[in-house]
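Asks: I am sharing work07.cif, which consists of mmCIF, C-alpha atoms:
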data_final
#
loop_
_atom_site.label_atom_id
_atom_site.label_comp_id
_atom_site.auth_asym_id
_atom_site.auth_seq_id
_atom_site.Cartn_x
_atom_site.Cartn_y
_atom_site.Cartn_z
CA MET A 1 117.44 108.34 70.07
CA ASP A 2 114.34 110.32 70.89
CA ASP A 3 113.85 111.34 74.46
CA LYS A 4 110.92 109.61 76.09
CA VAL A 5 108.67 111.84 78.07
CA LEU A 6 107.15 110.15 81.07
CA PRO A 7 103.45 110.89 81.48
CA ASP A 8 102.41 112.72 84.60
CA LEU A 9 101.27 110.32 87.27
CA GLU A 10 98.03 111.24 88.91
CA LEU A 11 98.22 109.98 92.46
CA ASP A 12 94.99 109.54 94.33
CA ILE A 13 94.23 108.49 97.88
CA ASN A 14 94.28 104.79 96.96
CA HIS A 15 97.97 104.96 96.05
CA TYR A 16 98.80 106.34 99.48
CA LEU A 17 96.60 103.69 101.09
CA ASP A 18 98.38 100.88 99.24
CA ALA A 19 101.83 102.32 100.04
CA ALA A 20 101.05 102.57 103.76
CA ALA A 21 99.54 99.08 103.82
CA ASP A 22 102.56 97.60 102.02
CA ALA A 23 104.91 99.23 104.52
CA SER A 24 102.96 97.67 107.37
CA LYS A 25 103.13 94.29 105.65
CA ARG A 26 106.91 94.53 105.28
CA THR A 27 107.26 95.34 108.97
CA ARG A 28 105.09 92.36 109.87
CA THR A 29 107.16 90.02 107.69
CA VAL A 30 110.43 91.09 109.27
CA ILE A 31 109.14 90.77 112.85
CA LEU A 32 107.92 87.25 112.06
CA THR A 33 111.40 86.43 110.77
CA VAL A 34 112.84 87.81 114.00
CA VAL A 35 110.55 85.53 116.00
CA VAL A 36 111.55 82.46 113.97
CA ALA A 37 115.26 83.25 114.34
CA SER A 38 114.81 83.76 118.08
CA VAL A 39 113.05 80.41 118.46
CA LEU A 40 115.78 78.60 116.51
CA ALA A 41 118.51 80.22 118.60
CA PHE A 42 116.64 79.35 121.78
CA VAL A 43 116.34 75.71 120.68
CA GLY A 44 120.09 75.62 120.09
CA PHE A 45 120.60 77.09 123.55
CA LEU A 46 118.36 74.46 125.19
CA ASN A 47 120.27 71.67 123.48
CA SER A 48 123.57 73.01 124.80
CA ILE A 49 122.78 73.37 128.49
CA ASP A 50 123.67 70.71 131.04
CA HIS A 51 120.08 70.01 131.99
CA ASN A 52 118.61 69.23 128.58
CA TRP A 53 116.47 66.14 128.21
CA MET A 54 118.88 64.26 125.96
CA LEU A 55 121.69 64.46 128.50
CA GLN A 56 119.34 63.34 131.25
CA ARG A 57 118.43 60.29 129.16
CA VAL A 58 122.12 59.50 128.68
CA ARG A 59 122.73 59.71 132.41
CA ALA A 60 119.66 57.63 133.20
CA THR A 61 120.82 54.93 130.79
CA SER A 62 124.46 54.86 131.88
CA ALA A 63 123.82 52.05 134.38
CA GLN A 64 122.46 48.77 133.11
CA SER A 65 120.34 48.34 136.23
CA SER A 66 118.64 51.75 135.92
CA ASP A 67 114.87 51.94 136.25
CA TYR A 68 114.65 53.95 133.03
CA LEU A 69 116.27 51.14 131.04
CA LYS A 70 114.02 48.51 132.60
CA LYS A 71 110.95 50.55 131.64
CA LYS A 72 112.21 50.93 128.09
CA PHE A 73 112.72 47.16 127.73
CA PRO A 74 110.17 45.54 130.07
CA ASP A 75 110.03 42.29 128.08
CA VAL A 76 113.80 41.64 128.18
CA THR A 77 114.57 39.52 131.22
CA ASP A 78 117.71 37.68 130.13
CA PRO A 79 120.80 39.51 131.55
CA ASP A 80 122.87 39.05 128.38
CA ALA A 81 120.05 40.27 126.15
CA LEU A 82 119.45 43.19 128.49
CA LYS A 83 123.14 44.12 128.37
CA GLN A 84 123.12 43.98 124.57
CA SER A 85 120.00 46.16 124.42
CA HIS A 86 121.58 48.56 126.91
CA ASP A 87 124.74 48.92 124.84
CA LEU A 88 122.88 49.53 121.59
CA PHE A 89 120.47 51.97 123.18
CA TYR A 90 123.24 53.83 125.03
CA ASP A 91 125.36 54.15 121.88
CA ALA A 92 122.37 55.52 119.95
CA LEU A 93 121.64 58.05 122.69
CA MET A 94 125.25 59.18 122.87
CA LYS A 95 125.42 59.61 119.11
CA ALA A 96 122.21 61.64 119.06
CA TYR A 97 123.41 63.72 122.01
CA VAL A 98 126.76 64.55 120.41
CA ASN A 99 125.23 65.33 117.01
CA ASN A 100 122.56 67.66 118.42
CA SER A 101 124.28 69.23 121.42
CA TYR A 102 127.76 70.06 120.14
CA THR A 103 126.85 71.12 116.63
CA ILE A 104 124.15 73.38 115.20
CA HIS A 105 122.65 72.38 111.86
CA VAL A 106 121.66 75.46 109.87
CA PRO A 107 118.49 74.79 107.83
CA PHE A 108 118.45 75.39 104.08
CA PHE A 109 122.21 76.07 103.84
CA GLY A 110 123.15 72.56 104.94
CA VAL A 111 126.09 73.58 107.12
CA SER A 112 126.93 72.78 110.73
CA LEU A 113 128.51 75.05 113.32
CA ASP A 114 129.99 74.43 116.73
CA VAL A 115 127.58 75.14 119.58
CA ASN A 116 130.14 77.48 121.17
CA ASP A 117 129.66 79.80 118.19
CA LEU A 118 125.93 80.13 118.89
CA ALA A 119 126.38 83.58 120.43
CA LEU A 120 128.27 84.84 117.38
CA LEU A 121 125.90 83.25 114.88
CA SER A 122 122.73 84.44 116.59
CA GLY A 123 124.24 87.87 117.35
CA VAL A 124 125.07 88.51 113.69
CA ALA A 125 121.64 87.28 112.59
CA PHE A 126 119.87 89.42 115.19
CA ILE A 127 121.75 92.60 114.34
CA ILE A 128 120.91 92.17 110.64
CA LEU A 129 117.24 91.45 111.33
CA THR A 130 116.83 94.28 113.83
CA LEU A 131 118.44 96.73 111.41
CA LEU A 132 116.04 95.61 108.68
CA PHE A 133 113.18 96.00 111.11
CA ARG A 134 114.38 99.51 112.00
CA PHE A 135 114.40 100.53 108.33
CA CYS A 136 110.94 99.03 107.78
CA LEU A 137 109.54 100.90 110.78
CA ALA A 138 111.03 104.18 109.52
CA ARG A 139 109.44 103.74 106.09
CA GLU A 140 106.13 102.75 107.66
CA LEU A 141 106.13 105.91 109.77
CA ASP A 142 106.91 108.09 106.73
CA ASN A 143 104.29 106.43 104.54
CA LEU A 144 101.75 106.67 107.33
CA SER A 145 102.35 110.39 107.80
CA PHE A 146 102.28 111.12 104.06
CA GLY A 147 99.06 109.17 103.63
CA PHE A 148 97.29 110.83 106.55
CA GLU A 149 98.34 114.30 105.38
CA LYS A 150 97.09 113.57 101.86
CA ALA A 151 93.78 112.23 103.17
CA LEU A 152 93.39 115.19 105.52
CA GLY A 153 94.02 117.64 102.71
CA ASP A 154 91.47 115.91 100.48
CA GLY A 155 88.87 115.79 103.24
CA ARG A 156 88.86 111.97 103.25
CA LEU A 157 90.68 111.28 106.50
CA ASP A 158 87.86 109.21 108.03
CA PRO A 159 87.59 106.52 105.30
CA PHE A 160 91.38 106.48 104.80
CA TYR A 161 92.01 106.04 108.51
CA HIS A 162 89.55 103.20 109.00
CA LEU A 163 90.45 101.36 105.78
CA LEU A 164 94.12 101.44 106.73
CA ALA A 165 93.39 100.49 110.35
CA MET A 166 91.49 97.43 109.14
CA ARG A 167 94.70 96.16 107.51
CA GLN A 168 96.78 96.34 110.69
CA VAL A 169 97.78 93.27 112.69
CA LEU A 170 100.58 94.18 115.09
CA THR A 171 99.42 97.77 115.45
CA THR A 172 96.08 98.35 117.17
CA PRO A 173 94.91 101.85 116.35
CA PRO A 174 91.70 103.23 117.91
CA MET A 175 88.67 102.75 115.68
CA ASP A 176 84.92 103.28 115.59
CA ARG A 177 83.81 99.84 116.72
CA PRO A 178 80.38 98.55 117.75
CA SER A 179 79.46 99.28 121.34
CA SER A 180 80.88 96.82 123.82
CA VAL A 181 78.51 94.76 125.92
CA ASP A 182 80.48 95.40 129.10
CA GLY A 183 80.10 99.15 128.79
CA LYS A 184 83.79 99.87 128.17
CA ASP A 185 85.00 102.26 125.50
CA PRO A 186 85.36 100.10 122.37
CA ARG A 187 87.58 102.63 120.63
CA ALA A 188 90.63 102.42 122.90
CA PRO A 189 92.75 99.22 122.69
CA GLY A 190 93.87 97.83 126.03
CA PHE A 191 97.36 98.21 127.43
CA TRP A 192 98.25 94.54 126.96
CA VAL A 193 96.95 94.54 123.40
CA LYS A 194 99.50 97.23 122.57
CA LEU A 195 102.31 95.74 124.66
CA ILE A 196 102.26 92.13 123.47
CA PRO A 197 103.27 92.83 119.81
CA LYS A 198 106.08 95.10 120.97
CA SER A 199 107.32 92.42 123.39
CA LEU A 200 108.21 90.29 120.36
CA LEU A 201 110.93 92.82 119.64
CA ALA A 202 112.64 91.92 122.91
CA LEU A 203 113.05 88.24 121.96
CA PRO A 204 116.48 88.66 120.29
CA VAL A 205 117.85 90.50 123.34
CA VAL A 206 116.44 87.90 125.75
CA VAL A 207 117.72 84.90 123.79
CA LEU A 208 121.14 86.43 123.14
CA THR A 209 121.45 87.34 126.82
CA LEU A 210 120.71 83.75 127.84
CA VAL A 211 123.26 82.37 125.38
CA ILE A 212 126.02 84.78 126.45
CA ALA A 213 125.25 84.30 130.15
CA HIS A 214 125.56 80.53 129.69
CA ASP A 215 128.88 81.03 127.91
CA PHE A 216 130.21 83.06 130.82
CA ALA A 217 128.89 80.53 133.34
CA THR A 218 130.72 77.70 131.56
CA PHE A 219 134.05 79.50 131.24
CA ASP A 220 135.94 76.55 132.79
CA PHE A 221 134.77 74.20 130.06
CA GLY A 222 135.67 76.62 127.29
CA ALA A 223 139.05 77.43 128.79
CA THR A 224 140.01 73.76 128.88
CA VAL A 225 139.37 73.53 125.14
CA SER A 226 140.90 76.85 124.06
CA LEU A 227 141.42 79.88 126.28
CA SER A 228 142.11 82.28 123.40
CA HIS A 229 138.98 81.21 121.50
CA THR A 230 136.88 81.60 124.65
CA LEU A 231 138.16 85.13 125.34
CA LEU A 232 137.62 86.20 121.72
CA LEU A 233 134.12 84.76 121.89
CA TYR A 234 133.37 86.84 124.97
CA VAL A 235 134.62 90.05 123.33
CA PHE A 236 132.75 89.66 120.05
CA SER A 237 129.54 88.37 121.62
CA THR A 238 129.50 91.30 124.06
CA VAL A 239 129.92 93.78 121.20
CA LEU A 240 127.10 92.11 119.27
CA TRP A 241 124.87 92.13 122.34
CA THR A 242 125.46 95.87 122.77
CA LEU A 243 124.62 96.55 119.12
CA VAL A 244 121.46 94.43 119.25
CA CYS A 245 120.29 96.23 122.39
CA THR A 246 120.96 99.65 120.82
CA VAL A 247 119.08 98.87 117.62
CA THR A 248 116.23 97.26 119.57
CA VAL A 249 115.76 100.40 121.67
CA SER A 250 115.77 102.49 118.50
CA CYS A 251 113.14 100.21 116.94
CA PHE A 252 110.97 100.49 120.03
CA LYS A 253 111.13 104.29 119.91
CA VAL A 254 110.04 104.39 116.26
CA TRP A 255 107.25 101.90 116.98
CA VAL A 256 105.99 104.20 119.74
CA GLN A 257 106.09 107.10 117.26
CA ILE A 258 103.88 105.07 114.92
CA ASP A 259 101.35 104.63 117.72
CA ARG A 260 101.48 108.35 118.41
CA CYS A 261 100.92 109.07 114.72
CA TRP A 262 97.80 106.89 114.76
CA ASN A 263 96.55 108.60 117.91
CA ARG A 264 97.21 112.07 116.49
CA TYR A 265 95.22 111.54 113.34
CA TRP A 266 92.54 109.72 115.29
CA MET A 267 92.07 112.90 117.29
CA GLU A 268 92.17 114.92 114.06
CA ASN A 269 89.49 112.68 112.61
CA GLN A 270 87.31 112.90 115.70
CA ALA A 271 87.65 116.69 115.77
CA ALA A 272 86.73 116.95 112.09
CA LYS A 273 83.68 114.73 112.59
CA LYS A 274 82.60 116.80 115.60
CA GLN A 275 82.91 120.04 113.63
CA SER A 276 80.94 118.52 110.77
CA SER A 277 78.16 117.50 113.19
CA ILE A 278 78.07 121.00 114.68
CA ARG A 279 77.76 122.55 111.22
CA VAL A 280 74.91 120.20 110.37
CA LEU A 281 73.06 121.01 113.59
CA THR A 282 73.68 124.73 113.11
CA GLY A 283 72.37 124.53 109.58
CA ARG A 284 69.19 122.80 110.74
CA ALA A 285 68.68 125.41 113.44
CA ASP A 286 69.03 128.20 110.88
CA LEU A 287 66.51 126.55 108.57
CA SER A 288 63.85 126.02 111.25
CA PRO A 289 62.56 129.70 111.50
CA ALA A 290 62.51 130.02 107.74
CA THR A 291 60.47 126.87 107.42
CA GLY A 292 58.05 128.16 110.02
CA ALA A 293 57.62 131.48 108.18
CA VAL A 294 56.70 129.76 104.95
CA GLU A 295 54.02 127.79 106.68
#
How does the structure come out when it is put into structure tokens?

Replies:
Amino acid sequence: MDDKVLPDLELDINHYLDAAADASKRTRTVILTVVVASVLAFVGFLNSIDHNWMLQRVRATSAQSSDYLKKKFPDVTDPDALKQSHDLFYDALMKAYVNNSYTIHVPFFGVSLDVNDLALLSGVAFIILTLLFRFCLARELDNLSFGFEKALGDGRLDPFYHLLAMRQVLTTPPMDRPSSVDGKDPRAPGFWVKLIPKSLLALPVVVLTLVIAHDFATFDFGATVSLSHTLLLYVFSTVLWTLVCTVTVSCFKVWVQIDRCWNRYWMENQAAKKQSSIRVLTGRADLSPATGAVE
């Protein structure tokens, strides 16, 4: 079999631009998945607490003479009919409460888990997602640095920088924007504009903390069911919480490095543009006496 010789690939600035933009898109996809997982875990947490709306409805309907039941069936005045309506309505509420508060239905997979395992389930999901996010951020930082160095070496940093900045969503790099009507510097993004995207990264830690704190607060209930299971749950959920916090801090540090990379090459671009303007002005000044001599 003849050896196949691969042709030399000629990489231009567009390849680096596409690679950096794709890395940013991967990061954005993972952080959106983190947000969705956090919302689902938070919904499961709300359904499990003692003050959720479904449990309040059950309590409000427990007595046949409750005001809530009378408002639900205002046209039923016969006591026997009202008692029958109360029993049917109460049974339906209890069934819905048990199905949604004590079990967690996992979408797509079609399986159900006990609500007491919410800390373990969400902790494992969060550690996987945050690790993926950490890897995506690392690749984005590398691709960003490689692309900027290539553009700087080719003397095309300004178009590369602005074309790549126009593709960003969660990152807000400084750019040459039209002048602001309020007189503020339009190039520098505000503090909250930079902070809000990064706050999404804290959602897994916040949700997992709420779930574990609720588990510790309801130790008496768990111990009456199974003391050994409750203690094992505390151990494993605490380990997962520690891992999620560690990876989250690491992700935040890399994200800050990405912002610093943008700021560094923004300064490089501004310095290069200033030097170019000085050379143009110097060249015009040198040409002025010669032009006058010809005249």

Asks: Considering all atoms listed in the file, can you say which of A:Asn14, A:Ser65, A:Asn100, A:Gln84 comes closest to Phe45 of chain A?

Replies: A:Asn100

Asks: Calculated over all atoms listed in the file, which of the candidates A:Asp142, A:Asp80, A:Asp158, A:Asp220 has the smallest distance to Ile258 of chain A?

Replies: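 Closest candidate: A:Asp142.
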
Asks: Extract, using only C-alpha atoms, all DNA, RNA and protein residues at most 10 Å from Asn269 of chain A, discarding same-chain residues fewer than 6 positions from it, and format them as a PDB file with C-alpha atoms, in the frame of the given file.

Replies:
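The resulting file, selection33.pdb, is reproduced below:
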ATOM      1  CA  LEU A 152      93.390 115.190 105.520  1.00  0.00           C
ATOM      2  CA  GLY A 155      88.870 115.790 103.240  1.00  0.00           C
ATOM      3  CA  ARG A 156      88.860 111.970 103.250  1.00  0.00           C
ATOM      4  CA  LEU A 157      90.680 111.280 106.500  1.00  0.00           C
ATOM      5  CA  ASP A 158      87.860 109.210 108.030  1.00  0.00           C
ATOM      6  CA  PRO A 159      87.590 106.520 105.300  1.00  0.00           C
ATOM      7  CA  TYR A 161      92.010 106.040 108.510  1.00  0.00           C
ATOM      8  CA  ASN A 263      96.550 108.600 117.910  1.00  0.00           C
ATOM      9  CA  GLN A 275      82.910 120.040 113.630  1.00  0.00           C
TER      10      GLN A 275
END

Asks: Each residue of segment 128-228 of chain A with at least one atom at most 8 Å from segment 242-249 of chain A should appear once, together with its nearest atom pair and the corresponding distance in Å (one decimal); atoms considered: all atoms listed in the file; ordering: chain, then increasing residue number; output as a tab-separated table.

Replies:
residue	atom	partner	partner_atom	distance
A:Thr130	CA	A:Val247	CA	6.4
A:Leu131	CA	A:Val247	CA	6.6
A:Arg134	CA	A:Val247	CA	7.4
A:Leu201	CA	A:Thr248	CA	6.9
A:Ala202	CA	A:Thr248	CA	7.2
A:Pro204	CA	A:Val244	CA	7.7
A:Val205	CA	A:Cys245	CA	6.3

Asks: I'd like the interatomic distance between atom CA of Gly147 of chain A and atom CA of Tyr16 of chain A, to a tenth of an Å.

Replies: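 Going from atom CA of Gly147 of chain A over to atom CA of Tyr16 of chain A covers 5.0 Å.
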
Asks: In Å, with one decimal, what is the gap from atom CA of Asn47 of chain A to atom CA of Asn116 of chain A?

Replies: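 Between atom CA of Asn47 of chain A and atom CA of Asn116 of chain A the gap is 11.7 Å.
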
Asks: Starting from the displayed file, determine the output of the PyMOL selection byres ((chain A and resi 233) around 10) and express the residue list as a list in words.

Replies: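 After applying the PyMOL selection byres ((chain A and resi 233) around 10), what remains is Asn116, Asp117, Leu118, Ala119, Leu120, Ile212, Asp215, Phe216, Gly222, Leu227, Ser228, His229, Thr230, Leu231, Leu232, Tyr234, Val235, Phe236, Ser237, Thr238 and Val239 of chain A.
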
Asks: Just write segment 149-169 of chain A with N, CA and C atoms, as a PDB file, in the first residue's frame, taken from the block above.

Replies:
ATOM      1  N   GLU A 149      -2.159  36.117  18.797  1.00  0.00           N
ATOM      2  CA  GLU A 149      -0.740  36.150  18.439  1.00  0.00           C
ATOM      3  C   GLU A 149      -0.545  36.049  16.925  1.00  0.00           C
ATOM      4  N   LYS A 150      -1.345  35.207  16.293  1.00  0.00           N
ATOM      5  CA  LYS A 150      -1.265  35.083  14.830  1.00  0.00           C
ATOM      6  C   LYS A 150      -1.672  36.388  14.160  1.00  0.00           C
ATOM      7  N   ALA A 151      -2.764  37.001  14.618  1.00  0.00           N
ATOM      8  CA  ALA A 151      -3.213  38.261  14.030  1.00  0.00           C
ATOM      9  C   ALA A 151      -2.207  39.380  14.285  1.00  0.00           C
ATOM     10  N   LEU A 152      -1.611  39.395  15.473  1.00  0.00           N
ATOM     11  CA  LEU A 152      -0.613  40.414  15.778  1.00  0.00           C
ATOM     12  C   LEU A 152       0.621  40.261  14.914  1.00  0.00           C
ATOM     13  N   GLY A 153       1.038  39.018  14.684  1.00  0.00           N
ATOM     14  CA  GLY A 153       2.195  38.788  13.827  1.00  0.00           C
ATOM     15  C   GLY A 153       1.946  39.153  12.379  1.00  0.00           C
ATOM     16  N   ASP A 154       0.706  38.987  11.924  1.00  0.00           N
ATOM     17  CA  ASP A 154       0.363  39.321  10.535  1.00  0.00           C
ATOM     18  C   ASP A 154      -0.021  40.785  10.359  1.00  0.00           C
ATOM     19  N   GLY A 155      -0.037  41.538  11.450  1.00  0.00           N
ATOM     20  CA  GLY A 155      -0.432  42.935  11.352  1.00  0.00           C
ATOM     21  C   GLY A 155      -1.914  43.140  11.119  1.00  0.00           C
ATOM     22  N   ARG A 156      -2.736  42.176  11.538  1.00  0.00           N
ATOM     23  CA  ARG A 156      -4.193  42.256  11.327  1.00  0.00           C
ATOM     24  C   ARG A 156      -4.950  42.102  12.649  1.00  0.00           C
ATOM     25  N   LEU A 157      -4.346  42.605  13.711  1.00  0.00           N
ATOM     26  CA  LEU A 157      -4.954  42.451  15.029  1.00  0.00           C
ATOM     27  C   LEU A 157      -6.275  43.200  15.128  1.00  0.00           C
ATOM     28  N   ASP A 158      -6.355  44.400  14.549  1.00  0.00           N
ATOM     29  CA  ASP A 158      -7.569  45.207  14.692  1.00  0.00           C
ATOM     30  C   ASP A 158      -8.797  44.538  14.072  1.00  0.00           C
ATOM     31  N   PRO A 159      -8.755  44.098  12.803  1.00  0.00           N
ATOM     32  CA  PRO A 159      -9.955  43.425  12.263  1.00  0.00           C
ATOM     33  C   PRO A 159     -10.235  42.089  12.949  1.00  0.00           C
ATOM     34  N   PHE A 160      -9.180  41.351  13.302  1.00  0.00           N
ATOM     35  CA  PHE A 160      -9.387  40.065  13.982  1.00  0.00           C
ATOM     36  C   PHE A 160     -10.058  40.283  15.327  1.00  0.00           C
ATOM     37  N   TYR A 161      -9.587  41.253  16.071  1.00  0.00           N
ATOM     38  CA  TYR A 161     -10.128  41.528  17.400  1.00  0.00           C
ATOM     39  C   TYR A 161     -11.609  41.887  17.317  1.00  0.00           C
ATOM     40  N   HIS A 162     -11.958  42.810  16.440  1.00  0.00           N
ATOM     41  CA  HIS A 162     -13.337  43.277  16.400  1.00  0.00           C
ATOM     42  C   HIS A 162     -14.282  42.243  15.791  1.00  0.00           C
ATOM     43  N   LEU A 163     -13.822  41.478  14.799  1.00  0.00           N
ATOM     44  CA  LEU A 163     -14.667  40.430  14.241  1.00  0.00           C
ATOM     45  C   LEU A 163     -14.955  39.343  15.273  1.00  0.00           C
ATOM     46  N   LEU A 164     -13.939  38.997  16.063  1.00  0.00           N
ATOM     47  CA  LEU A 164     -14.149  37.992  17.092  1.00  0.00           C
ATOM     48  C   LEU A 164     -14.989  38.544  18.237  1.00  0.00           C
ATOM     49  N   ALA A 165     -14.797  39.801  18.588  1.00  0.00           N
ATOM     50  CA  ALA A 165     -15.581  40.412  19.668  1.00  0.00           C
ATOM     51  C   ALA A 165     -17.058  40.493  19.300  1.00  0.00           C
ATOM     52  N   MET A 166     -17.356  40.662  18.017  1.00  0.00           N
ATOM     53  CA  MET A 166     -18.745  40.735  17.574  1.00  0.00           C
ATOM     54  C   MET A 166     -19.476  39.400  17.719  1.00  0.00           C
ATOM     55  N   ARG A 167     -18.732  38.306  17.882  1.00  0.00           N
ATOM     56  CA  ARG A 167     -19.344  36.986  18.031  1.00  0.00           C
ATOM     57  C   ARG A 167     -19.541  36.588  19.492  1.00  0.00           C
ATOM     58  N   GLN A 168     -19.122  37.425  20.415  1.00  0.00           N
ATOM     59  CA  GLN A 168     -19.208  37.085  21.828  1.00  0.00           C
ATOM     60  C   GLN A 168     -20.598  37.406  22.381  1.00  0.00           C
ATOM     61  N   VAL A 169     -21.018  36.618  23.357  1.00  0.00           N
ATOM     62  CA  VAL A 169     -22.293  36.828  24.028  1.00  0.00           C
ATOM     63  C   VAL A 169     -22.081  36.987  25.532  1.00  0.00           C
TER      64      VAL A 169
END
